[in-house]
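Content type mmCIF, C-alpha atoms, from the file query_2.cif:
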```cif
data_target
#
loop_
_atom_site.label_atom_id
_atom_site.label_comp_id
_atom_site.auth_asym_id
_atom_site.auth_seq_id
_atom_site.Cartn_x
_atom_site.Cartn_y
_atom_site.Cartn_z
CA MET A 25 182.65 42.27 237.09
CA LEU A 26 181.00 44.46 234.49
CA GLY A 27 184.04 46.74 234.65
CA ARG A 28 186.38 43.86 233.85
CA ALA A 29 184.24 42.69 230.90
CA ASP A 30 184.03 46.27 229.71
CA PHE A 31 187.83 46.57 229.84
CA ILE A 32 188.37 43.27 228.02
CA ILE A 33 186.03 44.27 225.18
CA LYS A 34 187.71 47.66 224.79
CA TYR A 35 191.15 46.06 225.01
CA LEU A 36 190.27 43.60 222.23
CA ILE A 37 188.86 46.37 220.05
CA LEU A 38 192.08 48.36 220.48
CA ALA A 39 194.09 45.22 219.61
CA LEU A 40 192.05 45.02 216.41
CA ILE A 41 192.78 48.69 215.72
CA GLN A 42 196.48 47.94 216.21
CA MET A 43 196.21 45.17 213.60
CA LEU A 44 194.62 47.66 211.21
CA LEU A 45 197.43 50.13 211.93
CA CYS A 46 200.00 47.41 211.16
CA ASN A 47 198.32 46.69 207.83
CA TYR A 48 197.23 50.05 206.55
CA ALA A 49 199.25 52.76 208.28
CA ASN A 50 202.40 52.27 206.17
CA PHE A 51 203.10 55.94 205.61
CA SER A 52 206.88 55.91 205.82
CA PRO A 53 209.75 53.65 206.96
CA TYR A 54 210.45 56.41 209.52
CA LEU A 55 207.09 55.95 211.19
CA THR A 56 205.99 53.04 213.39
CA LEU A 57 202.56 53.51 214.91
CA SER A 58 201.71 51.53 218.01
CA ILE A 59 199.12 51.80 220.77
CA LEU A 60 200.29 48.57 222.40
CA PRO A 61 202.33 50.32 225.15
CA VAL A 62 199.37 52.39 226.33
CA MET A 63 197.14 49.30 226.26
CA VAL A 64 199.54 47.57 228.65
CA LEU A 65 199.89 50.70 230.79
CA CYS A 66 196.10 50.77 231.22
CA ILE A 67 195.76 47.16 232.36
CA PRO A 68 193.90 47.45 235.72
CA THR A 69 196.22 47.62 238.72
CA LYS A 70 194.45 44.58 240.18
CA ALA A 71 196.43 42.53 237.65
CA ASN A 72 199.92 42.11 239.06
CA THR A 73 203.15 42.40 237.06
CA THR A 74 203.26 38.68 236.23
CA TRP A 75 199.79 38.81 234.72
CA ALA A 76 200.55 42.06 232.93
CA MET A 77 203.65 40.51 231.33
CA LEU A 78 201.71 37.44 230.22
CA ILE A 79 198.88 39.59 228.81
CA ALA A 80 201.42 41.78 227.02
CA PHE A 81 203.22 38.76 225.56
CA VAL A 82 200.03 37.12 224.30
CA THR A 83 198.67 40.38 222.86
CA ALA A 84 201.92 41.20 221.08
CA LEU A 85 202.31 37.68 219.75
CA ALA A 86 198.74 37.75 218.41
CA ILE A 87 199.52 41.01 216.60
CA ASP A 88 202.78 39.53 215.28
CA PHE A 89 201.04 36.39 214.04
CA LEU A 90 197.93 37.99 212.57
CA ALA A 91 199.12 41.33 211.26
CA GLY A 92 202.73 42.25 211.96
CA GLY A 93 204.31 39.39 210.06
CA VAL A 94 207.55 39.49 212.09
CA ILE A 95 207.02 36.95 214.86
CA GLY A 96 208.48 38.05 218.19
CA LEU A 97 209.15 41.72 217.40
CA ASN A 98 206.21 43.30 219.23
CA ALA A 99 206.47 40.66 221.98
CA LEU A 100 210.13 41.52 222.59
CA ALA A 101 209.35 45.23 222.95
CA LEU A 102 206.10 44.99 224.90
CA VAL A 103 207.00 42.67 227.78
CA PRO A 104 209.44 45.23 229.32
CA VAL A 105 206.60 47.78 229.23
CA ALA A 106 204.53 45.43 231.39
CA LEU A 107 207.49 45.03 233.75
CA ILE A 108 207.79 48.78 234.38
CA ARG A 109 204.03 49.47 234.39
CA ARG A 110 203.67 49.36 238.20
CA PRO A 111 206.78 51.47 238.96
CA VAL A 112 205.69 54.04 236.35
CA CYS A 113 202.18 54.27 237.83
CA ASP A 114 203.56 54.40 241.40
CA SER A 115 206.02 57.18 240.63
CA ILE A 116 203.79 59.34 238.40
CA PHE A 117 200.30 58.90 239.80
CA ASP A 118 200.09 57.61 243.34
CA LYS A 119 202.17 55.15 245.34
CA GLU A 120 199.01 53.72 246.91
CA LEU A 121 197.23 53.26 243.59
CA ALA A 122 197.85 49.53 243.37
CA VAL A 123 197.27 49.00 247.11
CA ARG A 124 193.83 50.60 246.86
CA GLY A 125 193.10 48.63 243.68
CA ASP A 126 192.39 51.94 242.01
CA ASP A 127 193.18 52.87 238.39
CA PHE A 128 194.43 56.13 236.90
CA SER A 129 192.41 58.26 234.53
CA ILE A 130 192.90 61.55 232.71
CA ARG A 131 190.29 63.36 234.86
CA LYS A 132 191.68 62.06 238.15
CA TYR A 133 195.36 62.82 237.55
CA GLY A 134 195.30 65.35 234.74
CA MET A 135 196.47 65.23 231.15
CA PRO A 136 200.17 66.11 231.76
CA LYS A 137 200.74 63.17 234.14
CA VAL A 138 198.98 60.70 231.87
CA VAL A 139 200.87 61.98 228.81
CA PHE A 140 204.16 61.68 230.72
CA ALA A 141 203.37 58.06 231.66
CA ILE A 142 202.49 57.30 228.04
CA PHE A 143 205.71 59.02 226.94
CA LEU A 144 207.79 56.78 229.24
CA VAL A 145 206.25 53.47 228.16
CA GLN A 146 206.23 54.48 224.49
CA THR A 147 209.92 55.45 224.76
CA LEU A 148 210.89 52.08 226.22
CA PHE A 149 208.80 50.21 223.65
CA LEU A 150 210.23 52.11 220.68
CA LEU A 151 213.82 51.90 221.90
CA ILE A 152 213.60 48.12 221.83
CA TYR A 153 211.40 47.94 218.72
CA VAL A 154 213.56 50.22 216.55
CA THR A 155 216.78 48.53 217.71
CA ALA A 156 215.43 45.03 217.02
CA ASP A 157 213.86 46.07 213.72
CA GLY A 158 217.00 46.70 211.72
CA GLY A 159 218.52 49.22 214.13
CA VAL A 160 221.89 47.50 213.89
CA GLN A 161 221.96 47.43 210.08
CA ARG A 162 220.79 51.02 209.56
CA PRO A 163 222.71 54.25 210.26
CA PHE A 164 222.20 55.67 213.75
CA SER A 165 220.74 58.89 212.32
CA PHE A 166 218.04 56.91 210.52
CA SER A 167 217.08 55.01 213.68
CA LEU A 168 217.09 58.25 215.69
CA VAL A 169 214.72 60.04 213.30
CA ARG A 170 212.52 56.96 213.14
CA PHE A 171 212.43 56.75 216.94
CA ALA A 172 211.63 60.45 217.38
CA LEU A 173 208.86 60.58 214.76
CA SER A 174 207.31 57.35 215.99
CA LEU A 175 207.43 58.57 219.58
CA VAL A 176 205.58 61.81 218.82
CA ALA A 177 202.97 60.05 216.67
CA GLY A 178 202.64 57.18 219.16
CA VAL A 179 202.04 59.48 222.13
CA LEU A 180 199.42 61.48 220.22
CA LEU A 181 197.68 58.29 219.12
CA SER A 182 197.82 56.81 222.61
CA ILE A 183 195.95 59.66 224.36
CA PRO A 184 192.51 58.73 222.97
CA ALA A 185 193.31 55.05 223.57
CA ALA A 186 194.06 55.84 227.23
CA ALA A 187 190.82 57.80 227.49
CA VAL A 188 188.90 54.80 226.18
CA LEU A 189 190.60 52.27 228.47
CA THR A 190 190.55 54.32 231.69
CA PRO A 191 187.12 55.94 232.00
CA ASP A 192 186.49 57.71 235.29
CA ASP A 193 183.56 55.55 236.22
CA ARG A 194 185.33 52.21 235.83
CA VAL A 195 184.18 49.78 238.52
CA MET B 19 206.87 37.35 256.14
CA LEU B 20 205.64 40.19 253.95
CA ARG B 21 209.19 41.00 252.91
CA GLY B 22 209.84 37.34 252.05
CA THR B 23 206.74 37.25 249.83
CA LYS B 24 207.89 40.41 248.12
CA ILE B 25 211.33 38.90 247.39
CA VAL B 26 209.77 35.70 246.02
CA ARG B 27 207.45 37.77 243.81
CA THR B 28 210.34 39.86 242.52
CA ILE B 29 212.35 36.73 241.67
CA LEU B 30 209.30 35.18 239.99
CA ASN B 31 208.70 38.33 237.94
CA ALA B 32 212.35 38.45 236.91
CA ALA B 33 212.27 34.78 235.89
CA ILE B 34 209.08 35.19 233.86
CA PHE B 35 210.42 38.36 232.26
CA VAL B 36 213.66 36.64 231.21
CA PHE B 37 211.75 33.61 229.93
CA LEU B 38 209.35 35.69 227.80
CA GLU B 39 212.11 37.89 226.42
CA VAL B 40 214.28 34.91 225.50
CA ALA B 41 211.26 33.28 223.82
CA ALA B 42 210.53 36.44 221.82
CA LEU B 43 214.17 36.91 220.88
CA ASN B 44 214.41 33.29 219.81
CA MET B 45 211.34 33.61 217.58
CA LEU B 46 212.74 36.81 216.10
CA SER B 47 216.21 35.46 215.41
CA SER B 48 215.08 32.11 213.97
CA SER B 49 212.45 33.61 211.71
CA GLN B 50 212.42 30.68 209.29
CA SER B 51 211.68 28.11 212.02
CA ALA B 52 209.02 30.39 213.50
CA HIS B 53 207.32 30.80 210.14
CA ASN B 54 207.46 27.08 209.46
CA PHE B 55 205.67 26.39 212.75
CA PHE B 56 202.22 24.99 211.94
CA LEU B 57 200.37 27.86 213.67
CA ALA B 58 202.34 30.40 211.63
CA LYS B 59 201.08 28.76 208.44
CA TYR B 60 197.50 29.36 209.61
CA SER B 61 198.45 32.96 210.30
CA HIS B 62 199.85 33.31 206.74
CA ALA B 63 196.56 31.99 205.37
CA PHE B 64 194.66 34.42 207.65
CA MET B 65 196.78 37.37 206.54
CA GLY B 66 196.50 36.34 202.90
CA LYS B 67 192.72 35.97 203.05
CA VAL B 68 191.67 38.79 205.38
CA TRP B 69 194.21 41.53 204.74
CA GLY B 70 194.78 40.38 201.17
CA MET B 71 191.07 40.88 200.42
CA THR B 72 191.34 44.61 201.14
CA GLN B 73 194.52 44.85 199.10
CA GLY B 74 192.60 43.14 196.31
CA VAL B 75 190.10 46.00 196.33
CA ARG B 76 192.96 48.47 195.95
CA TYR B 77 194.42 46.45 193.07
CA TYR B 78 191.01 46.37 191.42
CA ALA B 79 190.90 50.17 191.52
CA SER B 80 194.26 50.35 189.75
CA LEU B 81 193.47 47.62 187.25
CA ARG B 82 193.52 49.87 184.21
CA LYS B 83 197.06 51.02 185.00
CA VAL B 84 198.16 47.41 185.52
CA ASN B 85 196.57 46.33 182.24
CA ASP B 86 198.38 49.09 180.37
CA ALA B 87 201.71 48.06 181.91
CA LEU B 88 201.09 44.37 181.12
CA SER B 89 200.09 45.16 177.55
CA GLU B 90 203.25 47.20 177.07
CA GLU B 91 205.40 44.45 178.60
CA ASN B 92 203.68 41.86 176.39
CA PHE B 93 204.42 43.93 173.31
CA TYR B 94 208.13 44.19 174.11
CA LEU B 95 208.38 40.48 174.95
CA ARG B 96 206.85 39.58 171.59
CA LEU B 97 209.28 41.96 169.89
CA ARG B 98 212.18 40.20 171.64
CA LEU B 99 210.90 36.79 170.54
CA LEU B 100 210.54 38.04 166.96
CA SER B 101 214.06 39.47 167.03
CA ARG B 102 215.27 35.99 168.02
CA GLY B 103 213.40 34.45 165.12
CA ASP B 104 210.89 32.62 167.33
CA GLU B 105 207.79 33.68 165.38
CA ALA B 106 205.65 30.76 166.52
CA ALA B 107 206.14 31.68 170.18
CA ALA B 108 205.67 35.38 169.46
CA THR B 109 202.30 34.88 167.84
CA GLY B 110 201.11 31.98 170.04
CA SER B 111 198.83 32.27 173.06
CA GLY B 112 201.52 31.06 175.44
CA GLU B 113 199.08 28.78 177.27
CA ASP B 114 201.81 26.22 177.81
CA LEU B 115 203.69 28.80 179.85
CA LEU B 116 200.79 29.55 182.19
CA THR B 117 201.76 26.89 184.70
CA ALA B 118 205.55 26.65 184.62
CA ALA B 119 208.57 26.68 182.36
CA GLU B 120 212.12 25.43 182.83
CA ILE B 121 215.05 27.39 181.43
CA GLY B 122 218.48 26.03 182.24
CA SER B 123 218.53 24.87 185.84
CA PHE B 124 215.73 27.26 186.84
CA ARG B 125 212.02 26.57 186.94
CA TYR B 126 209.75 29.58 186.43
CA SER B 127 206.11 29.74 187.49
CA PRO B 128 203.65 32.63 187.76
CA ALA B 129 202.30 33.72 191.14
CA THR B 130 200.22 36.50 192.63
CA ILE B 131 201.11 38.57 195.64
CA VAL B 132 198.15 38.73 198.01
CA LYS B 133 199.69 40.76 200.81
CA VAL B 134 202.66 43.06 201.07
CA GLY B 135 203.79 43.79 204.64
CA ARG B 136 205.52 47.16 204.87
CA THR B 137 205.64 47.95 208.57
CA GLY B 138 209.30 48.59 209.19
CA GLN B 139 212.68 47.19 208.31
CA ARG B 140 211.69 43.51 208.25
CA ASN B 141 209.12 43.42 205.51
CA TYR B 142 207.49 40.40 203.95
CA VAL B 143 205.16 39.35 201.17
CA ILE B 144 202.55 36.60 201.10
CA ILE B 145 201.96 34.92 197.78
CA GLY B 146 198.79 33.08 196.85
CA SER B 147 200.56 29.83 195.92
CA GLY B 148 201.68 27.05 198.21
CA SER B 149 202.97 23.50 198.27
CA GLU B 150 199.98 22.33 196.19
CA ASP B 151 201.21 24.65 193.43
CA GLY B 152 204.73 23.28 193.66
CA VAL B 153 206.26 26.18 195.60
CA LEU B 154 209.46 25.26 197.43
CA PRO B 155 211.23 27.12 200.25
CA GLN B 156 214.23 29.21 199.12
CA SER B 157 212.61 29.95 195.76
CA GLY B 158 213.23 33.45 194.45
CA ILE B 159 210.47 35.91 193.57
CA ILE B 160 211.14 38.14 190.59
CA THR B 161 209.40 40.46 188.15
CA PRO B 162 210.67 41.64 184.76
CA ASN B 163 211.88 44.71 186.67
CA GLY B 164 213.86 43.11 189.45
CA VAL B 165 213.97 40.98 192.56
CA VAL B 166 211.10 40.93 195.06
CA GLY B 167 212.08 38.42 197.74
CA ILE B 168 212.84 34.88 198.84
CA VAL B 169 210.26 32.27 199.89
CA ASP B 170 210.77 31.42 203.56
CA ALA B 171 207.86 29.18 204.55
CA VAL B 172 205.40 27.27 202.40
CA GLY B 173 201.85 26.43 203.42
CA LYS B 174 199.26 24.48 201.46
CA HIS B 175 197.83 27.45 199.56
CA TYR B 176 199.95 30.40 200.66
CA SER B 177 203.66 31.07 201.06
CA TYR B 178 205.48 33.56 203.26
CA ALA B 179 208.46 35.30 201.71
CA ILE B 180 211.05 37.69 203.05
CA SER B 181 210.86 40.84 200.99
CA PHE B 182 213.91 42.49 199.43
CA MET B 183 212.78 45.42 201.63
CA ASN B 184 214.24 43.64 204.63
CA ALA B 185 217.34 44.70 206.54
CA GLU B 186 218.59 41.10 206.54
CA VAL B 187 218.30 40.34 202.82
CA ASN B 188 221.00 40.97 200.26
CA VAL B 189 221.13 40.07 196.60
CA SER B 190 224.34 39.47 194.72
CA ALA B 191 224.41 42.17 192.03
CA ARG B 192 226.75 43.18 189.23
CA LEU B 193 227.57 46.55 187.71
CA GLY B 194 226.73 46.29 184.03
CA ARG B 195 227.04 43.00 182.14
CA GLU B 196 230.63 42.33 183.10
CA GLY B 197 231.46 44.66 185.97
CA ALA B 198 232.19 44.19 189.65
CA VAL B 199 229.96 42.10 191.88
CA GLY B 200 228.78 43.08 195.33
CA PRO B 201 225.87 42.59 197.73
CA MET B 202 222.87 44.83 197.12
CA VAL B 203 220.64 45.70 200.06
CA TRP B 204 217.50 47.80 200.52
CA ASP B 205 218.34 51.36 201.62
CA GLY B 206 215.66 51.21 204.31
CA LYS B 207 214.00 54.45 203.25
CA ARG B 208 212.43 54.28 199.79
CA THR B 209 210.34 51.59 198.13
CA HIS B 210 212.57 51.83 195.05
CA GLY B 211 215.95 52.50 196.65
CA ALA B 212 218.90 50.15 197.24
CA LEU B 213 222.62 50.24 198.05
CA LEU B 214 225.24 48.28 196.14
CA LYS B 215 228.13 47.65 198.53
CA GLU B 216 231.73 46.44 198.53
CA ILE B 217 232.58 47.49 194.95
CA PRO B 218 236.40 47.67 194.64
CA LEU B 219 237.79 51.13 193.85
CA GLN B 220 239.50 50.05 190.61
CA PHE B 221 236.13 49.46 188.91
CA LYS B 222 234.82 52.42 186.94
CA PHE B 223 231.15 53.19 186.49
CA GLN B 224 228.86 56.06 185.57
CA PRO B 225 225.57 57.26 187.03
CA GLY B 226 222.89 55.69 184.85
CA ASP B 227 224.70 52.34 184.40
CA THR B 228 222.43 49.33 184.81
CA VAL B 229 222.79 46.90 187.71
CA PHE B 230 221.93 43.22 187.12
CA THR B 231 221.75 40.09 189.27
CA SER B 232 225.15 38.41 189.21
CA GLY B 233 223.98 34.80 189.25
CA HIS B 234 226.46 34.08 192.04
CA SER B 235 223.66 33.05 194.38
CA SER B 236 221.80 29.81 193.89
CA ILE B 237 218.44 31.58 194.28
CA PHE B 238 218.29 34.10 191.43
CA PRO B 239 219.38 33.59 187.82
CA SER B 240 221.87 36.04 186.35
CA ASP B 241 221.16 39.13 184.25
CA ILE B 242 217.85 40.24 185.75
CA PRO B 243 217.94 44.04 185.46
CA LEU B 244 217.60 45.55 188.93
CA GLY B 245 218.08 49.28 188.63
CA ILE B 246 220.37 52.10 187.64
CA VAL B 247 223.41 53.55 189.37
CA GLY B 248 222.88 56.82 191.21
CA THR B 249 225.38 58.51 193.50
CA SER B 250 228.36 56.82 195.15
CA ARG B 251 230.66 57.26 198.12
CA ILE B 252 233.88 55.65 199.28
CA VAL B 253 233.58 53.60 202.49
CA ASN B 254 236.66 53.33 204.74
CA GLY B 255 238.86 54.27 201.77
CA ALA B 256 238.48 50.74 200.42
CA THR B 257 235.25 50.21 198.51
CA TYR B 258 232.39 52.07 196.85
CA GLU B 259 228.88 52.16 198.20
CA ILE B 260 226.55 53.01 195.33
CA THR B 261 222.92 54.09 195.51
CA VAL B 262 220.70 52.21 193.07
CA ASP B 263 217.31 53.39 191.81
CA LEU B 264 215.38 50.15 191.45
CA PHE B 265 213.26 49.54 188.35
CA GLN B 266 210.72 47.71 190.48
CA ASP B 267 208.83 49.91 192.91
CA MET B 268 208.16 47.57 195.83
CA ALA B 269 204.98 49.46 196.68
CA ALA B 270 203.38 48.42 193.40
CA LEU B 271 203.51 44.65 193.30
CA ARG B 272 200.90 42.18 192.15
CA TYR B 273 202.00 39.66 189.52
CA VAL B 274 205.35 37.99 190.05
CA THR B 275 207.36 35.00 188.87
CA LEU B 276 208.62 32.29 191.20
CA VAL B 277 212.02 31.00 190.25
CA THR B 278 213.31 27.75 191.70
CA ASN B 279 216.81 26.47 191.18
CA MET B 280 216.36 22.78 190.40
CA GLY B 281 219.97 22.11 191.33
CA GLN B 282 219.74 23.91 194.66
CA ARG B 283 219.54 20.74 196.75
CA GLU B 284 222.64 19.40 195.01
CA ILE B 285 224.49 22.68 195.67
CA GLU B 286 223.46 22.61 199.35
CA ASP B 287 224.59 18.99 199.65
CA LEU B 288 227.96 19.91 198.15
CA GLU B 289 228.30 22.88 200.53
CA ARG B 290 227.39 20.65 203.49
CA GLN B 291 229.95 18.04 202.43
CA GLU B 292 232.56 20.78 202.09
CA GLU B 293 231.76 22.12 205.57
CA GLU B 294 231.91 18.65 207.10
CA GLY B 295 235.21 18.00 205.30
CA MET B 296 236.64 21.24 206.77
CA LYS B 297 235.51 20.24 210.26
CA ASP B 298 237.11 16.82 209.89
CA LYS B 299 240.37 18.45 208.77
CA LYS B 300 240.36 20.72 211.84
CA LYS B 301 239.92 17.70 214.09
#
```

Go through the file and emit its structure as structure tokens.
Amino acid sequence: MLGRADFIIKYLILALIQMLLCNYANFSPYLTLSILPVMVLCIPTKANTTWAMLIAFVTALAIDFLAGGVIGLNALALVPVALIRRPVCDSIFDKELAVRGDDFSIRKYGMPKVVFAIFLVQTLFLLIYVTADGGVQRPFSFSLVRFALSLVAGVLLSIPAAAVLTPDDRV
Amino acid sequence: MLRGTKIVRTILNAAIFVFLEVAALNMLSSSQSAHNFFLAKYSHAFMGKVWGMTQGVRYYASLRKVNDALSEENFYLRLRLLSRGDEAAATGSGEDLLTAAEIGSFRYSPATIVKVGRTGQRNYVIIGSGSEDGVLPQSGIITPNGVVGIVDAVGKHYSYAISFMNAEVNVSARLGREGAVGPMVWDGKRTHGALLKEIPLQFKFQPGDTVFTSGHSSIFPSDIPLGIVGTSRIVNGATYEITVDLFQDMAALRYVTLVTNMGQREIEDLERQEEEGMKDKKK
């Protein structure tokens, strides 16, 4: 019970950090910083895909309403991340992870596997986000550079977020 | 039994996924309806108050620079009034203009930007004036240096506007005072960069020529200077696409002017009647 409350508090704090990123991290039109995919990836495996999708939708919509300003954009890109969360965890970490009700962590599975999982969810998120956010109107080269830069920055930013959300001693 | 449960769960997940995606896509594509939703108006007020407060601190730090720019602008405006022989206006305090002024079919009123959203390709601005200040949807937002955006949703004290720095916004612009007219869009990269499109090849221009609003749209009046012509390229062998260096840097916005076309409703009614007439003819 304490573990769940602990996760919820950390999750909300990271959502707040995402709002701050939306408002203050406007470094370049080529760079979109988001820790939302890793937040969804780290939702405890006890929550099934339906719940994960609903949590992702509500979180993204809250960000869109309170900080992003473009209603529906984060929601559109984040729900598919919740859909593939279980298959990603099953294929990268352990097929029995969800069955045991266990969660992944950097110490348990190592940095490369966690980074690869983050890379996959961040890729899916950014593919949809960049396409929906003017990807059709802008030249392909622009969207490609934006996607690549955002992916690198997003993965780097997501590693500490994953470490916060998946401590080794989580109950 | 277990397999049946799994199939039902998969179908349920697929249905929920499709539902949520369609909902998100719908909100994204009908931005104006979404922003006119009552909850969205609370979110505009939240963004204006909370995030705008921190932007206010930043503006405060750059106040001296802003004052210098305003003083310079004031000086040139007075010079223009004097050159037109309007000495009374040039030496007056201008208090009567602090609320609103009507010139031609346009109504001008001052406003302050409380929040500039610059997160990607669909940027927005929130202004600290709402319906109680007489703001109407589809009003233009301008500065002496160009076009800032178009009001999309109006709350009681705040209004949400689509910024010119938005992939879906274009402004009808003209090369010089009497040149060709084409849509001008944000270039997506710089806060002071734009592209003037669909300029026919027979029109001649030089780098450094000024680009103005054409007045062909019902939102912005004509002859607002927007920027200067930079490089150009020919698109599909048919038209020019010209880079424009905007006078107004969209990263440095605070005081703006709201411009409302008083005849806009009449124009929209006429357009609606025309559309209905066309439909009737087709039938």

Run the PyMOL selection byres ((chain A) within 10 of (chain B)) mentally over the shown coordinates, then write out the matched residues as a short mmCIF file (atom, residue, chain, number, x, y, z; two decimals) with C-alpha atoms, keeping the file's coordinate frame, using the chain letters and numbers from the document.
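The resulting out39.cif:
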```
data_model
loop_
_atom_site.label_atom_id
_atom_site.label_comp_id
_atom_site.auth_asym_id
_atom_site.auth_seq_id
_atom_site.Cartn_x
_atom_site.Cartn_y
_atom_site.Cartn_z
CA MET A 43 196.21 45.17 213.60
CA LEU A 44 194.62 47.66 211.21
CA LEU A 45 197.43 50.13 211.93
CA CYS A 46 200.00 47.41 211.16
CA ASN A 47 198.32 46.69 207.83
CA TYR A 48 197.23 50.05 206.55
CA ALA A 49 199.25 52.76 208.28
CA ASN A 50 202.40 52.27 206.17
CA PHE A 51 203.10 55.94 205.61
CA SER A 52 206.88 55.91 205.82
CA PRO A 53 209.75 53.65 206.96
CA TYR A 54 210.45 56.41 209.52
CA LEU A 55 207.09 55.95 211.19
CA THR A 56 205.99 53.04 213.39
CA LEU A 57 202.56 53.51 214.91
CA ASN A 72 199.92 42.11 239.06
CA THR A 73 203.15 42.40 237.06
CA THR A 74 203.26 38.68 236.23
CA TRP A 75 199.79 38.81 234.72
CA MET A 77 203.65 40.51 231.33
CA LEU A 78 201.71 37.44 230.22
CA PHE A 81 203.22 38.76 225.56
CA ALA A 84 201.92 41.20 221.08
CA LEU A 85 202.31 37.68 219.75
CA ALA A 86 198.74 37.75 218.41
CA ASP A 88 202.78 39.53 215.28
CA PHE A 89 201.04 36.39 214.04
CA LEU A 90 197.93 37.99 212.57
CA ALA A 91 199.12 41.33 211.26
CA GLY A 92 202.73 42.25 211.96
CA GLY A 93 204.31 39.39 210.06
CA VAL A 94 207.55 39.49 212.09
CA ILE A 95 207.02 36.95 214.86
CA GLY A 96 208.48 38.05 218.19
CA LEU A 97 209.15 41.72 217.40
CA ASN A 98 206.21 43.30 219.23
CA ALA A 99 206.47 40.66 221.98
CA LEU A 100 210.13 41.52 222.59
CA ALA A 101 209.35 45.23 222.95
CA LEU A 102 206.10 44.99 224.90
CA VAL A 103 207.00 42.67 227.78
CA PRO A 104 209.44 45.23 229.32
CA ALA A 106 204.53 45.43 231.39
CA LEU A 107 207.49 45.03 233.75
CA TYR A 153 211.40 47.94 218.72
CA VAL A 154 213.56 50.22 216.55
CA ALA A 156 215.43 45.03 217.02
CA ASP A 157 213.86 46.07 213.72
CA GLY A 158 217.00 46.70 211.72
CA GLY A 159 218.52 49.22 214.13
CA VAL A 160 221.89 47.50 213.89
CA GLN A 161 221.96 47.43 210.08
CA ARG A 162 220.79 51.02 209.56
CA PRO A 163 222.71 54.25 210.26
CA PHE A 166 218.04 56.91 210.52
CA ARG A 170 212.52 56.96 213.14
#
```

* Name the residues that the PyMOL selection byres ((chain B and resi 273) around 9) pulls out of this structure, and write them as a PyMOL selection string. => chain B and resi 128-131+161+271-272+274-275

* To do: Run the PyMOL selection byres ((chain A and resi 177-190) around 10) mentally over the shown coordinates, then write out the matched residues as JSON, numbers by chain, using the chain letters and numbers from the document.
  => {"A": [30, 31, 32, 33, 34, 35, 38, 55, 56, 57, 58, 59, 60, 61, 62, 63, 65, 66, 67, 68, 127, 128, 129, 130, 131, 135, 138, 139, 140, 141, 142, 143, 144, 145, 146, 147, 150, 172, 173, 174, 175, 176, 191, 192, 193, 194]}

* Take CA of Arg125 (chain B) and CA of Val247 (chain B) and report the distance between them in Å, one decimal. =>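 Between CA of Arg125 (chain B) and CA of Val247 (chain B) the gap works out to 29.4 Å.
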
* To do: Quick one: pull the distance between CA of Ala171 (chain B) and CA of Ser147 (chain B), Å, one decimal.
  =>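 CA of Ala171 (chain B) sits 11.3 Å away from CA of Ser147 (chain B).
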
* **Atomic separation - CA of Ile237 (chain B) relative to CA of Val277 (chain B), Å** =>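 So the two atoms, CA of Val277 (chain B) and CA of Ile237 (chain B), lie 7.6 Å apart.
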
* Asked: Looking at all atoms listed in the file, which of B:Lys67, B:Leu193, B:Ala269, B:Asp241 is the one that sits closest to Ser181 (chain B)?
  -> B:Ala269

* To do: Point out the residue among B:Phe221, B:Phe37, B:Tyr176, B:Phe55 with the least atom-to-atom distance to Arg192 (chain B), counting all atoms listed in the file.
  => B:Phe221

* **Distance query Pro155 (chain B) at most 9 Å, all atoms listed in the file, self and fewer than 4 positions along chain excluded, as a list in words** =>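 Using all atoms listed in the file, the neighbours found are Ile168, Val169, Asp170, Ala171, Val172, Ser177, Ala179 and Thr278 of chain B.
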
* Of the listed residues A:Arg124, A:Lys137, A:Lys132, A:Lys119, that which approaches Lys70 (chain A) most closely, counting only C-alpha atoms ->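 When distances to Lys70 (chain A) are compared using only C-alpha atoms, the smallest one comes from A:Arg124.
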
Using the structure block above, produce a file of region 281-287 of chain B that contains N, CA and C atoms, as a compact mmCIF listing (two decimals), in the first residue's frame.
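Output (out-v1.txt):
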```txt
# COMPACT_ATOMS: atom_id res chain seq x y z
N GLY B 281 -17.14 44.70 -39.16
CA GLY B 281 -18.03 44.19 -40.19
C GLY B 281 -17.86 42.70 -40.44
N GLN B 282 -17.10 42.03 -39.53
CA GLN B 282 -16.79 40.62 -39.76
C GLN B 282 -18.03 39.73 -39.80
N ARG B 283 -18.97 40.02 -38.87
CA ARG B 283 -20.19 39.20 -38.83
C ARG B 283 -20.96 39.32 -40.15
N GLU B 284 -20.99 40.55 -40.67
CA GLU B 284 -21.70 40.79 -41.93
C GLU B 284 -21.02 40.01 -43.07
N ILE B 285 -19.67 40.05 -43.06
CA ILE B 285 -18.91 39.33 -44.11
C ILE B 285 -19.19 37.83 -44.01
N GLU B 286 -19.18 37.31 -42.77
CA GLU B 286 -19.42 35.87 -42.57
C GLU B 286 -20.83 35.49 -43.02
N ASP B 287 -21.80 36.37 -42.71
CA ASP B 287 -23.18 36.11 -43.14
C ASP B 287 -23.27 36.05 -44.66
```
